[in-house]
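This report refers to the structure that appears directly beneath it.
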Amino acid sequence: MMKKELLFAFGTFFLMSLHAIAGNSLTDPPQTETMTIKTYKKDVTGDGKRDIIKLNAIPFEPDALFLKQIWATITPSEGSKLRIDYEGGYEPEITFADLNHDGVKDLLYRAATGGSGGLYENALHTAKGGKVQELDLPSGITIDAHFEDQYKGVISFPDTQQSYTVDLSDRKDDYERLGIFTKGILNEPTELMVTPIAFFEPTKIRGKKGKGLKGYQQISGAYRADGVGTATSYWYYEDGNWNLMKIVWKTDR
């Protein structure tokens, strides 16, 4: 009698376990899968033959626009497959250009962070000779930006000794409401908002061989959406360093 009771108990437990497993399989969220964002064919190893570069990603969750994991795989014509891991973001892409002037195209990556500042994740790599190495990017330019009386914005670039004054009087009602000015007089020293370089693009540098980079930095007034202008800096890689070539200032007016 005891054996029958034990068999019945074990059988009941087994059926309950199967039911629980089946129930969990129905309620578990679907697993995110690896996707290939884009496939490129470029010679990035320097053997004269096009390599296959796949930009892969795993989304934060199924159908999500944010990609939590992003990486590139490089399949050369000969040798082992290479991998470059990137920071996550939105709408990633790779641009190819020989930026360190060694005769082989480098990989310039960017992906939007999704923040209000319009910033991107940026990275630069070389795969010359079948070896992946990360290269530094320009750190950005020095910018002094502040309000002055009569609703003025003053922007200076000490690196190139450039200075500009922007008339922001069309926003005076907003600035008065926020307490920055009182009847056109600045209440206290107040800086403008300066973001880091948002992203880079390869560009031709006048008087130089090959390509350099241009980077964009946004300057805002009282808040991010209060755009004042954009500083575009031009860089050229030489003797192991990024050298600033020029700065172009453009107001958002």
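Residues are referred to by chain and number: the chain letter is A, B, ... according to the order shown in the structure tokens, the number counts from 1 in that chain, and ligands are numbered separately from 1 in the order shown.
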As a short mmCIF file (atom, residue, chain, number, x, y, z; two decimals) with N, CA, C and O atoms, in the first residue's frame, please: every residue in segment 11-230 of chain A that DSSP puts in strand (DSSP E).
data_model
loop_
_atom_site.label_atom_id
_atom_site.label_comp_id
_atom_site.auth_asym_id
_atom_site.auth_seq_id
_atom_site.Cartn_x
_atom_site.Cartn_y
_atom_site.Cartn_z
N MET A 35 21.16 40.37 -35.37
CA MET A 35 20.80 40.83 -36.71
C MET A 35 22.01 41.45 -37.38
O MET A 35 22.90 41.97 -36.71
N THR A 36 22.07 41.36 -38.68
CA THR A 36 23.12 42.02 -39.45
C THR A 36 22.56 43.32 -39.99
O THR A 36 21.61 43.33 -40.76
N ILE A 37 23.14 44.44 -39.54
CA ILE A 37 22.66 45.76 -39.94
C ILE A 37 23.05 46.06 -41.38
O ILE A 37 22.24 46.54 -42.18
N LYS A 38 24.30 45.78 -41.72
CA LYS A 38 24.78 46.06 -43.07
C LYS A 38 26.03 45.24 -43.35
O LYS A 38 26.79 44.93 -42.44
N THR A 39 26.22 44.90 -44.61
CA THR A 39 27.42 44.19 -45.04
C THR A 39 28.20 45.08 -46.01
O THR A 39 27.64 45.63 -46.96
N TYR A 40 29.49 45.24 -45.73
CA TYR A 40 30.37 46.06 -46.57
C TYR A 40 31.43 45.16 -47.20
O TYR A 40 31.78 44.10 -46.66
N LYS A 41 31.94 45.58 -48.34
CA LYS A 41 33.06 44.89 -48.98
C LYS A 41 34.15 45.91 -49.26
O LYS A 41 34.05 46.71 -50.20
N LYS A 42 35.16 45.91 -48.40
CA LYS A 42 36.26 46.87 -48.50
C LYS A 42 37.56 46.16 -48.13
O LYS A 42 37.56 45.22 -47.33
N ASP A 51 37.69 42.67 -48.29
CA ASP A 51 37.27 41.87 -47.15
C ASP A 51 35.76 42.05 -46.96
O ASP A 51 35.17 43.04 -47.40
N ILE A 52 35.13 41.11 -46.29
CA ILE A 52 33.70 41.20 -45.99
C ILE A 52 33.54 41.68 -44.56
O ILE A 52 34.00 41.01 -43.62
N ILE A 53 32.94 42.82 -44.39
CA ILE A 53 32.72 43.39 -43.05
C ILE A 53 31.23 43.40 -42.77
O ILE A 53 30.46 44.01 -43.51
N LYS A 54 30.82 42.73 -41.72
CA LYS A 54 29.41 42.70 -41.32
C LYS A 54 29.23 43.47 -40.01
O LYS A 54 29.94 43.20 -39.04
N LEU A 55 28.30 44.39 -40.01
CA LEU A 55 27.95 45.15 -38.81
C LEU A 55 26.76 44.46 -38.16
O LEU A 55 25.65 44.45 -38.73
N ASN A 56 26.99 43.87 -37.00
CA ASN A 56 25.97 43.06 -36.33
C ASN A 56 25.48 43.73 -35.06
O ASN A 56 26.18 44.57 -34.48
N ALA A 57 24.30 43.34 -34.60
CA ALA A 57 23.74 43.94 -33.39
C ALA A 57 22.72 43.02 -32.74
O ALA A 57 22.14 42.14 -33.40
N ILE A 58 22.52 43.25 -31.44
CA ILE A 58 21.45 42.62 -30.69
C ILE A 58 20.62 43.73 -30.07
O ILE A 58 21.16 44.56 -29.32
N PRO A 59 19.33 43.82 -30.37
CA PRO A 59 18.50 44.89 -29.80
C PRO A 59 18.26 44.70 -28.32
O PRO A 59 18.41 43.60 -27.78
N LEU A 67 20.02 49.40 -29.82
CA LEU A 67 20.81 48.19 -29.96
C LEU A 67 21.81 48.12 -28.81
O LEU A 67 22.70 48.96 -28.71
N LYS A 68 21.63 47.16 -27.93
CA LYS A 68 22.44 47.09 -26.71
C LYS A 68 23.84 46.55 -26.96
O LYS A 68 24.76 46.81 -26.19
N GLN A 69 23.99 45.79 -28.03
CA GLN A 69 25.30 45.22 -28.34
C GLN A 69 25.53 45.33 -29.85
O GLN A 69 24.69 44.92 -30.64
N ILE A 70 26.67 45.91 -30.21
CA ILE A 70 26.99 46.11 -31.63
C ILE A 70 28.44 45.70 -31.85
O ILE A 70 29.31 46.03 -31.05
N TRP A 71 28.69 44.98 -32.94
CA TRP A 71 30.06 44.60 -33.24
C TRP A 71 30.20 44.37 -34.75
O TRP A 71 29.21 44.17 -35.47
N ALA A 72 31.42 44.44 -35.21
CA ALA A 72 31.73 44.18 -36.62
C ALA A 72 32.58 42.92 -36.71
O ALA A 72 33.48 42.70 -35.89
N THR A 73 32.28 42.09 -37.70
CA THR A 73 33.13 40.95 -38.01
C THR A 73 33.77 41.19 -39.37
O THR A 73 33.11 41.63 -40.31
N ILE A 74 35.06 40.93 -39.43
CA ILE A 74 35.82 41.13 -40.67
C ILE A 74 36.31 39.77 -41.14
O ILE A 74 37.06 39.09 -40.44
N THR A 75 35.87 39.37 -42.33
CA THR A 75 36.31 38.10 -42.92
C THR A 75 37.27 38.43 -44.04
O THR A 75 36.86 38.86 -45.13
N LEU A 82 38.17 38.53 -37.87
CA LEU A 82 38.45 39.54 -36.86
C LEU A 82 37.13 40.09 -36.31
O LEU A 82 36.10 40.03 -36.97
N ARG A 83 37.20 40.67 -35.11
CA ARG A 83 36.00 41.24 -34.49
C ARG A 83 36.34 42.56 -33.81
O ARG A 83 37.39 42.70 -33.17
N ILE A 84 35.44 43.54 -33.97
CA ILE A 84 35.55 44.82 -33.29
C ILE A 84 34.26 45.06 -32.52
O ILE A 84 33.17 45.06 -33.11
N ASP A 85 34.35 45.27 -31.21
CA ASP A 85 33.17 45.54 -30.38
C ASP A 85 32.98 47.05 -30.23
O ASP A 85 33.93 47.79 -30.00
N TYR A 86 31.71 47.48 -30.34
CA TYR A 86 31.38 48.89 -30.26
C TYR A 86 30.39 49.14 -29.12
O TYR A 86 29.76 48.21 -28.60
N TYR A 90 21.80 53.80 -31.54
CA TYR A 90 20.79 53.76 -32.59
C TYR A 90 21.43 53.97 -33.95
O TYR A 90 22.38 54.75 -34.09
N GLU A 91 20.90 53.28 -34.96
CA GLU A 91 21.30 53.48 -36.36
C GLU A 91 22.82 53.52 -36.54
O GLU A 91 23.39 54.51 -37.01
N PRO A 92 23.51 52.45 -36.19
CA PRO A 92 24.97 52.44 -36.34
C PRO A 92 25.39 52.37 -37.80
O PRO A 92 24.65 51.87 -38.66
N GLU A 93 26.58 52.89 -38.08
CA GLU A 93 27.14 52.81 -39.43
C GLU A 93 28.66 52.90 -39.36
O GLU A 93 29.23 53.41 -38.39
N ILE A 94 29.30 52.38 -40.40
CA ILE A 94 30.75 52.44 -40.51
C ILE A 94 31.10 53.17 -41.81
O ILE A 94 30.53 52.89 -42.87
N THR A 95 32.03 54.11 -41.71
CA THR A 95 32.56 54.81 -42.88
C THR A 95 34.02 54.38 -43.04
O THR A 95 34.74 54.22 -42.06
N PHE A 96 34.45 54.21 -44.28
CA PHE A 96 35.79 53.71 -44.55
C PHE A 96 36.63 54.80 -45.23
O PHE A 96 36.23 55.36 -46.26
N ALA A 97 37.78 55.08 -44.65
CA ALA A 97 38.71 56.07 -45.22
C ALA A 97 40.08 55.86 -44.59
O ALA A 97 40.18 55.46 -43.42
N ASP A 106 40.68 52.76 -42.94
CA ASP A 106 40.32 52.55 -41.54
C ASP A 106 38.80 52.49 -41.41
O ASP A 106 38.05 52.83 -42.33
N LEU A 107 38.33 52.08 -40.23
CA LEU A 107 36.90 51.92 -39.97
C LEU A 107 36.46 52.99 -38.97
O LEU A 107 36.88 52.95 -37.80
N LEU A 108 35.64 53.93 -39.41
CA LEU A 108 35.13 55.00 -38.56
C LEU A 108 33.67 54.68 -38.22
O LEU A 108 32.81 54.66 -39.10
N TYR A 109 33.42 54.43 -36.95
CA TYR A 109 32.09 54.00 -36.48
C TYR A 109 31.36 55.13 -35.78
O TYR A 109 31.98 55.96 -35.11
N ARG A 110 30.04 55.16 -35.96
CA ARG A 110 29.23 56.07 -35.17
C ARG A 110 27.83 55.48 -35.00
O ARG A 110 27.32 54.76 -35.86
N ALA A 111 27.23 55.79 -33.85
CA ALA A 111 25.86 55.38 -33.54
C ALA A 111 25.26 56.42 -32.62
O ALA A 111 25.90 56.85 -31.65
N ALA A 112 24.04 56.84 -32.90
CA ALA A 112 23.38 57.86 -32.08
C ALA A 112 23.10 57.34 -30.68
O ALA A 112 22.69 56.20 -30.50
N TYR A 120 26.76 61.18 -30.45
CA TYR A 120 26.97 59.86 -31.04
C TYR A 120 28.12 59.15 -30.31
O TYR A 120 29.01 59.80 -29.77
N GLU A 121 28.06 57.83 -30.34
CA GLU A 121 29.22 57.03 -29.98
C GLU A 121 30.13 56.99 -31.21
O GLU A 121 29.67 56.75 -32.32
N ASN A 122 31.41 57.26 -31.01
CA ASN A 122 32.36 57.30 -32.12
C ASN A 122 33.55 56.40 -31.81
O ASN A 122 33.99 56.33 -30.65
N ALA A 123 34.08 55.76 -32.83
CA ALA A 123 35.28 54.93 -32.65
C ALA A 123 36.00 54.79 -33.98
O ALA A 123 35.37 54.80 -35.05
N LEU A 124 37.32 54.67 -33.91
CA LEU A 124 38.14 54.54 -35.11
C LEU A 124 39.09 53.36 -34.92
O LEU A 124 39.78 53.26 -33.90
N HIS A 125 39.13 52.45 -35.92
CA HIS A 125 39.99 51.27 -35.85
C HIS A 125 40.71 51.06 -37.18
O HIS A 125 40.23 51.47 -38.24
N THR A 126 41.84 50.39 -37.09
CA THR A 126 42.53 49.89 -38.27
C THR A 126 42.63 48.37 -38.15
O THR A 126 42.73 47.83 -37.04
N GLN A 133 43.40 47.33 -34.29
CA GLN A 133 43.95 48.28 -33.33
C GLN A 133 43.06 49.52 -33.30
O GLN A 133 42.70 50.05 -34.35
N GLU A 134 42.71 49.98 -32.11
CA GLU A 134 41.91 51.19 -31.99
C GLU A 134 42.81 52.41 -32.10
O GLU A 134 43.90 52.46 -31.51
N LEU A 135 42.35 53.40 -32.84
CA LEU A 135 43.07 54.65 -33.02
C LEU A 135 42.36 55.77 -32.27
O LEU A 135 41.13 55.78 -32.18
N ASP A 144 35.30 78.94 -25.38
CA ASP A 144 34.81 79.83 -24.31
C ASP A 144 33.54 80.49 -24.82
O ASP A 144 33.55 81.19 -25.84
N ALA A 145 32.43 80.27 -24.11
CA ALA A 145 31.15 80.80 -24.58
C ALA A 145 30.33 81.29 -23.38
O ALA A 145 30.15 80.56 -22.41
N HIS A 146 29.85 82.53 -23.45
CA HIS A 146 29.11 83.09 -22.32
C HIS A 146 28.15 84.18 -22.80
O HIS A 146 28.27 84.71 -23.91
N PHE A 147 27.19 84.49 -21.92
CA PHE A 147 26.29 85.61 -22.17
C PHE A 147 26.96 86.94 -21.79
O PHE A 147 27.80 86.98 -20.90
N GLU A 148 26.56 88.00 -22.48
CA GLU A 148 26.93 89.36 -22.08
C GLU A 148 25.69 90.25 -22.13
O GLU A 148 24.65 89.85 -22.67
N LYS A 152 23.51 89.30 -25.50
CA LYS A 152 24.56 88.88 -26.42
C LYS A 152 25.14 87.54 -25.99
O LYS A 152 25.22 87.22 -24.80
N GLY A 153 25.57 86.78 -26.99
CA GLY A 153 26.34 85.58 -26.75
C GLY A 153 27.71 85.74 -27.37
O GLY A 153 27.81 86.12 -28.55
N VAL A 154 28.76 85.50 -26.60
CA VAL A 154 30.13 85.65 -27.10
C VAL A 154 30.79 84.28 -27.14
O VAL A 154 30.83 83.57 -26.13
N ILE A 155 31.29 83.90 -28.30
CA ILE A 155 31.92 82.59 -28.51
C ILE A 155 33.35 82.81 -28.97
O ILE A 155 33.60 83.50 -29.98
N SER A 156 34.31 82.22 -28.26
CA SER A 156 35.72 82.38 -28.60
C SER A 156 36.38 81.02 -28.72
O SER A 156 36.07 80.08 -27.97
N PHE A 157 37.33 80.93 -29.65
CA PHE A 157 38.11 79.71 -29.88
C PHE A 157 39.59 80.04 -29.67
O PHE A 157 40.26 80.51 -30.60
N GLN A 162 39.92 83.01 -32.67
CA GLN A 162 38.71 83.51 -33.31
C GLN A 162 37.69 83.89 -32.23
O GLN A 162 37.62 83.24 -31.18
N SER A 163 36.90 84.90 -32.49
CA SER A 163 35.87 85.32 -31.54
C SER A 163 34.66 85.87 -32.31
O SER A 163 34.83 86.58 -33.32
N TYR A 164 33.45 85.55 -31.81
CA TYR A 164 32.22 85.97 -32.47
C TYR A 164 31.21 86.43 -31.41
O TYR A 164 31.16 85.88 -30.31
N THR A 165 30.41 87.41 -31.79
CA THR A 165 29.33 87.88 -30.93
C THR A 165 28.00 87.65 -31.66
O THR A 165 27.85 88.04 -32.82
N VAL A 166 27.05 87.02 -30.97
CA VAL A 166 25.76 86.68 -31.56
C VAL A 166 24.67 87.46 -30.84
O VAL A 166 24.61 87.47 -29.60
N ASP A 167 23.82 88.13 -31.61
CA ASP A 167 22.69 88.87 -31.06
C ASP A 167 21.54 87.89 -30.80
O ASP A 167 20.99 87.30 -31.73
N PHE A 181 18.61 87.53 -17.51
CA PHE A 181 18.74 88.98 -17.70
C PHE A 181 17.61 89.71 -16.97
O PHE A 181 16.52 89.16 -16.76
N THR A 182 17.87 90.94 -16.60
CA THR A 182 16.83 91.86 -16.13
C THR A 182 16.97 93.16 -16.92
O THR A 182 17.97 93.87 -16.79
N ILE A 185 20.25 93.48 -18.69
CA ILE A 185 21.48 93.40 -17.90
C ILE A 185 21.62 91.98 -17.35
O ILE A 185 20.68 91.43 -16.76
N LEU A 186 22.78 91.40 -17.56
CA LEU A 186 23.05 90.04 -17.09
C LEU A 186 23.06 90.00 -15.57
O LEU A 186 23.78 90.78 -14.93
N MET A 193 25.94 76.76 -23.18
CA MET A 193 26.10 75.31 -23.08
C MET A 193 26.90 74.81 -24.29
O MET A 193 26.52 75.05 -25.44
N VAL A 194 27.99 74.10 -24.00
CA VAL A 194 28.87 73.58 -25.06
C VAL A 194 28.90 72.06 -24.96
O VAL A 194 29.27 71.51 -23.92
N PHE A 200 32.01 62.59 -36.13
CA PHE A 200 33.05 62.93 -37.09
C PHE A 200 32.65 62.44 -38.48
O PHE A 200 31.93 61.45 -38.62
N GLU A 201 33.21 63.12 -39.49
CA GLU A 201 33.06 62.69 -40.88
C GLU A 201 34.40 62.84 -41.59
O GLU A 201 35.11 63.84 -41.37
N PRO A 202 34.76 61.89 -42.45
CA PRO A 202 35.96 62.08 -43.27
C PRO A 202 35.77 63.25 -44.21
O PRO A 202 34.67 63.50 -44.71
N THR A 203 36.83 63.99 -44.45
CA THR A 203 36.75 65.16 -45.32
C THR A 203 38.10 65.43 -45.95
O THR A 203 39.14 65.02 -45.43
N LYS A 204 38.08 66.12 -47.07
CA LYS A 204 39.33 66.54 -47.72
C LYS A 204 39.85 67.78 -47.02
O LYS A 204 39.11 68.70 -46.71
N LYS A 211 42.62 62.04 -46.68
CA LYS A 211 41.48 62.56 -45.94
C LYS A 211 41.85 62.92 -44.50
O LYS A 211 42.78 62.37 -43.91
N GLY A 212 41.09 63.86 -43.97
CA GLY A 212 41.13 64.18 -42.55
C GLY A 212 39.75 63.99 -41.97
O GLY A 212 38.91 63.28 -42.54
N LEU A 213 39.49 64.63 -40.85
CA LEU A 213 38.19 64.55 -40.19
C LEU A 213 37.63 65.93 -39.93
O LEU A 213 38.38 66.88 -39.72
N LYS A 214 36.31 66.01 -39.93
CA LYS A 214 35.66 67.20 -39.41
C LYS A 214 34.68 66.76 -38.33
O LYS A 214 33.99 65.74 -38.46
N GLY A 215 34.67 67.53 -37.23
CA GLY A 215 33.81 67.22 -36.10
C GLY A 215 32.89 68.39 -35.80
O GLY A 215 33.25 69.55 -36.01
N TYR A 216 31.70 68.08 -35.30
CA TYR A 216 30.67 69.08 -35.07
C TYR A 216 30.39 69.22 -33.57
O TYR A 216 30.13 68.24 -32.88
N GLN A 217 30.45 70.47 -33.08
CA GLN A 217 30.11 70.77 -31.69
C GLN A 217 29.01 71.82 -31.64
O GLN A 217 29.14 72.89 -32.23
N GLN A 218 27.94 71.50 -30.93
CA GLN A 218 26.80 72.41 -30.82
C GLN A 218 26.96 73.32 -29.60
O GLN A 218 27.38 72.87 -28.53
N ILE A 219 26.61 74.60 -29.77
CA ILE A 219 26.59 75.55 -28.66
C ILE A 219 25.16 76.05 -28.50
O ILE A 219 24.51 76.47 -29.47
N SER A 220 24.66 75.97 -27.27
CA SER A 220 23.28 76.37 -26.98
C SER A 220 23.27 77.46 -25.92
O SER A 220 24.28 77.71 -25.24
N GLY A 227 19.38 76.60 -29.55
CA GLY A 227 20.60 76.56 -30.34
C GLY A 227 21.15 77.94 -30.68
O GLY A 227 20.41 78.84 -31.07
N VAL A 228 22.45 78.09 -30.51
CA VAL A 228 23.14 79.34 -30.85
C VAL A 228 23.96 79.17 -32.13
O VAL A 228 23.96 80.03 -33.01
N GLY A 229 24.67 78.05 -32.24
CA GLY A 229 25.45 77.82 -33.43
C GLY A 229 26.24 76.52 -33.35
O GLY A 229 26.17 75.79 -32.36
N THR A 230 26.97 76.23 -34.42
CA THR A 230 27.76 75.00 -34.52
C THR A 230 29.20 75.34 -34.88
O THR A 230 29.44 76.12 -35.81
#
Enter the distance from atom CA of Ile247 of chain A to atom CA of Thr232 of chain A, in Å, rounded to one decimal. 5.6 Å
Calculated over only C-alpha atoms, which of the candidates A:Ala198, A:Ile205, A:Ala222, A:Ala127 has the smallest distance to Asp174 of chain A? A:Ala222
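Our summary of the geometry notes that atom CA of Lys131 of chain A is positioned 25.3 Å from atom CA of Gly89 of chain A.
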Quick one: pull the distance between atom CA of Gly79 of chain A and atom CA of Lys105 of chain A, Å, one decimal. 18.1 Å
